[in-house]
Amino acid sequence: ELTGERGNEFEQYIYEFLSDAGVEAWFSCKTSKHNGNEVDVIFLRDEVVYFVEVKFVLPTLNILTQAGIQNVNETFDEKIFNQRINDSSKSFPEKIDSWRSLDADSEILHQPLNSDQREWIDLPEKWLDYDYRRLVVSNFVPSYIEKQGVRFITDLELYQWIKKDKGVFYSTHQ
């Protein structure tokens, strides 16, 4: 319950940080009013659309052990890729695939800054025209930095990238 509360605040914090930094961003976006493919934050930078899942995860006490690292990885696998979950909800990559298949004349819901209500807007055309990336921003990340086309960065790395223009997307190829 506590993690859920902090998670909602963390999502809002990431969105407000981006907006305050002058980044064009949208919060709590859905493709439909009921059961839409919700994305926590969507933002534009350098003609790339970033679809962001924001996760606040409490680290386990044994984080410095092999079992602790494995637990963290399994937590992210469940939350992002729906591994070991017995429901029909889409994984984060599947949600983004649904977003990318929207028609140019689609409408979406988003929650404007300082508002409690979502509002309908036309799908920004650049979301379909620009390149895109799937991104998870969290207070800490799993032992892998990329999986199934999803890149993982911490909130500190997001800050360094946006505010200090430091490269945080170093190569994952060996």
# chains A, B, ... in the order shown; residues from 1 in each chain; ligands from 1
>>> residues_around(residues="Asn35 in chain A", least_positions_apart="6", cutoff="12 Å", atoms="only C-alpha atoms", output="ChimeraX atom specification")
/A:29,88-90,95,109
>>> write_last_selection(atoms="N, CA and C atoms", output="PDB file, in the first residue's frame")
ATOM      1  N   CYS A  29      -1.378   9.040 -19.575  1.00  0.00           N
ATOM      2  CA  CYS A  29      -2.047   8.980 -20.875  1.00  0.00           C
ATOM      3  C   CYS A  29      -2.713   7.622 -21.085  1.00  0.00           C
ATOM      4  N   SER A  88      -4.597 -10.990 -17.685  1.00  0.00           N
ATOM      5  CA  SER A  88      -4.554 -10.732 -19.128  1.00  0.00           C
ATOM      6  C   SER A  88      -4.022  -9.343 -19.465  1.00  0.00           C
ATOM      7  N   SER A  89      -3.474  -8.633 -18.486  1.00  0.00           N
ATOM      8  CA  SER A  89      -2.992  -7.286 -18.771  1.00  0.00           C
ATOM      9  C   SER A  89      -1.766  -7.345 -19.687  1.00  0.00           C
ATOM     10  N   LYS A  90      -1.600  -6.283 -20.442  1.00  0.00           N
ATOM     11  CA  LYS A  90      -0.501  -6.220 -21.404  1.00  0.00           C
ATOM     12  C   LYS A  90       0.800  -5.860 -20.708  1.00  0.00           C
ATOM     13  N   LYS A  95       1.898  -2.566 -24.589  1.00  0.00           N
ATOM     14  CA  LYS A  95       1.155  -1.301 -24.509  1.00  0.00           C
ATOM     15  C   LYS A  95       1.695  -0.293 -25.520  1.00  0.00           C
ATOM     16  N   LEU A 109      -6.509  10.328 -23.843  1.00  0.00           N
ATOM     17  CA  LEU A 109      -6.722  11.017 -22.577  1.00  0.00           C
ATOM     18  C   LEU A 109      -5.369  11.301 -21.942  1.00  0.00           C
TER      19      LEU A 109
END
>>> residues_around(residues="Glu24 in chain A", least_positions_apart="2", cutoff="12 Å", atoms="only C-alpha atoms", output="list in words")
Tyr15, Glu16, Phe17, Leu18, Ser19, Asp20, Ala21, Gly22, Trp26, Phe27, Val41, Ile42, Phe43, Leu44, Arg45, Asp46, Glu47, Val48, Val49, Tyr50, Pro112, Leu113, Pro124, Lys126, Trp127 and Ile162 of chain A
>>> select_by_dssp(residues="range 18-169 of chain A", states="strand (DSSP E)", output="tab-separated table (two decimals) with C-alpha atoms, in the first residue's frame")
chain	number	residue	atom	x	y	z
A	25	ALA	CA	5.44	16.10	-21.64
A	26	TRP	CA	2.08	14.44	-21.00
A	27	PHE	CA	0.98	12.63	-17.85
A	28	SER	CA	-1.12	9.54	-17.24
A	29	CYS	CA	-2.05	8.98	-20.88
A	39	VAL	CA	1.42	5.14	-20.01
A	40	ASP	CA	2.65	7.09	-17.00
A	41	VAL	CA	4.56	9.79	-18.88
A	42	ILE	CA	5.20	10.56	-22.53
A	43	PHE	CA	7.74	13.20	-23.50
A	44	LEU	CA	9.66	14.52	-26.50
A	45	ARG	CA	13.37	15.13	-26.70
A	48	VAL	CA	12.29	11.09	-30.11
A	49	VAL	CA	9.08	10.17	-28.30
A	50	TYR	CA	9.78	8.54	-24.93
A	51	PHE	CA	7.03	6.30	-23.58
A	52	VAL	CA	7.81	6.03	-19.88
A	53	GLU	CA	6.75	3.59	-17.22
A	54	VAL	CA	7.61	5.06	-13.82
A	55	LYS	CA	8.23	2.58	-11.02
A	107	GLU	CA	-7.90	10.97	-29.49
A	108	ILE	CA	-6.21	10.14	-26.21
A	109	LEU	CA	-6.72	11.02	-22.58
A	110	HIS	CA	-4.07	12.76	-20.52
A	119	GLU	CA	-8.95	15.40	-20.70
A	120	TRP	CA	-9.24	14.31	-24.32
A	121	ILE	CA	-6.72	15.64	-26.83
A	122	ASP	CA	-5.92	14.79	-30.43
A	131	ASP	CA	11.40	7.73	-33.59
A	132	TYR	CA	10.38	6.31	-30.21
A	133	ARG	CA	11.89	4.61	-27.17
A	134	ARG	CA	10.45	2.57	-24.34
A	135	LEU	CA	11.86	3.78	-21.03
A	136	VAL	CA	11.47	2.78	-17.40
A	137	VAL	CA	12.43	5.40	-14.82
A	138	SER	CA	12.78	4.11	-11.29
A	146	GLU	CA	17.91	-3.05	-21.32
A	147	LYS	CA	15.53	-5.91	-21.96
A	150	VAL	CA	12.98	-1.36	-22.85
A	151	ARG	CA	15.74	0.82	-21.38
A	152	PHE	CA	15.99	1.26	-17.59
A	153	ILE	CA	17.36	4.42	-15.95
A	154	THR	CA	17.16	5.86	-12.46
>>> residues_around(residues="Val72 in chain A", least_positions_apart="6", cutoff="10 Å", atoms="only C-alpha atoms", output="JSON, numbers by chain")
{"A": [57, 58, 59, 60, 62, 63, 78, 140, 141, 142, 143]}
>>> write_last_selection(atoms="N, CA and C atoms", output="CSV table (one decimal), in the first residue's frame")
chain,number,residue,atom,x,y,z
A,57,VAL,N,10.2,1.3,-6.5
A,57,VAL,CA,10.3,0.0,-5.9
A,57,VAL,C,11.2,0.0,-4.6
A,58,LEU,N,10.7,-0.6,-3.6
A,58,LEU,CA,11.4,-0.6,-2.3
A,58,LEU,C,12.5,-1.8,-2.5
A,59,PRO,N,13.8,-1.5,-2.2
A,59,PRO,CA,14.8,-2.5,-2.3
A,59,PRO,C,14.6,-3.5,-1.2
A,60,THR,N,15.0,-4.7,-1.5
A,60,THR,CA,15.0,-5.8,-0.4
A,60,THR,C,16.2,-5.6,0.5
A,62,ASN,N,18.3,-7.8,1.4
A,62,ASN,CA,19.5,-8.5,0.9
A,62,ASN,C,19.9,-8.2,-0.5
A,63,ILE,N,19.8,-6.9,-0.8
A,63,ILE,CA,20.0,-6.4,-2.1
A,63,ILE,C,21.5,-6.7,-2.6
A,78,GLU,N,8.2,-8.9,-13.4
A,78,GLU,CA,6.7,-9.0,-13.2
A,78,GLU,C,6.0,-7.6,-13.5
A,140,PHE,N,15.6,2.9,-8.4
A,140,PHE,CA,16.8,2.0,-8.7
A,140,PHE,C,16.4,1.0,-9.8
A,141,VAL,N,17.3,0.4,-10.4
A,141,VAL,CA,17.0,-0.4,-11.6
A,141,VAL,C,17.5,-1.8,-11.4
A,142,PRO,N,17.0,-2.8,-12.2
A,142,PRO,CA,17.5,-4.1,-12.1
A,142,PRO,C,19.0,-4.3,-12.6
A,143,SER,N,19.5,-5.4,-12.5
A,143,SER,CA,20.9,-5.6,-12.9
A,143,SER,C,21.1,-5.5,-14.4
>>> atom_distance(atom1="CA of Phe76 in chain A", atom2="CA of Ser171 in chain A")
21.1 Å
>>> atom_distance(atom1="CA of Glu125 in chain A", atom2="CA of Leu102 in chain A")
10.6 Å
>>> closest_residue(among="A:Glu38, A:Asp116, A:Asp129, A:Asp103", to="Ser91 in chain A", atoms="only C-alpha atoms")
A:Glu38
>>> atom_distance(atom1="CA of Phe56 in chain A", atom2="CA of Gly7 in chain A")
4.9 Å
>>> closest_residue(among="A:Trp161, A:Ala104, A:Lys166, A:Asp155", to="Ile14 in chain A", atoms="only C-alpha atoms")
A:Asp155
>>> closest_residue(among="A:Trp99, A:Tyr159, A:Phe81, A:Tyr170", to="Tyr13 in chain A", atoms="only C-alpha atoms")
A:Tyr159
>>> select_by_dssp(residues="chain A", states="alpha helix (DSSP H)", output="MDAnalysis selection string")
chainID A and resid 2:20 66:81 92:100 126:129 155:164
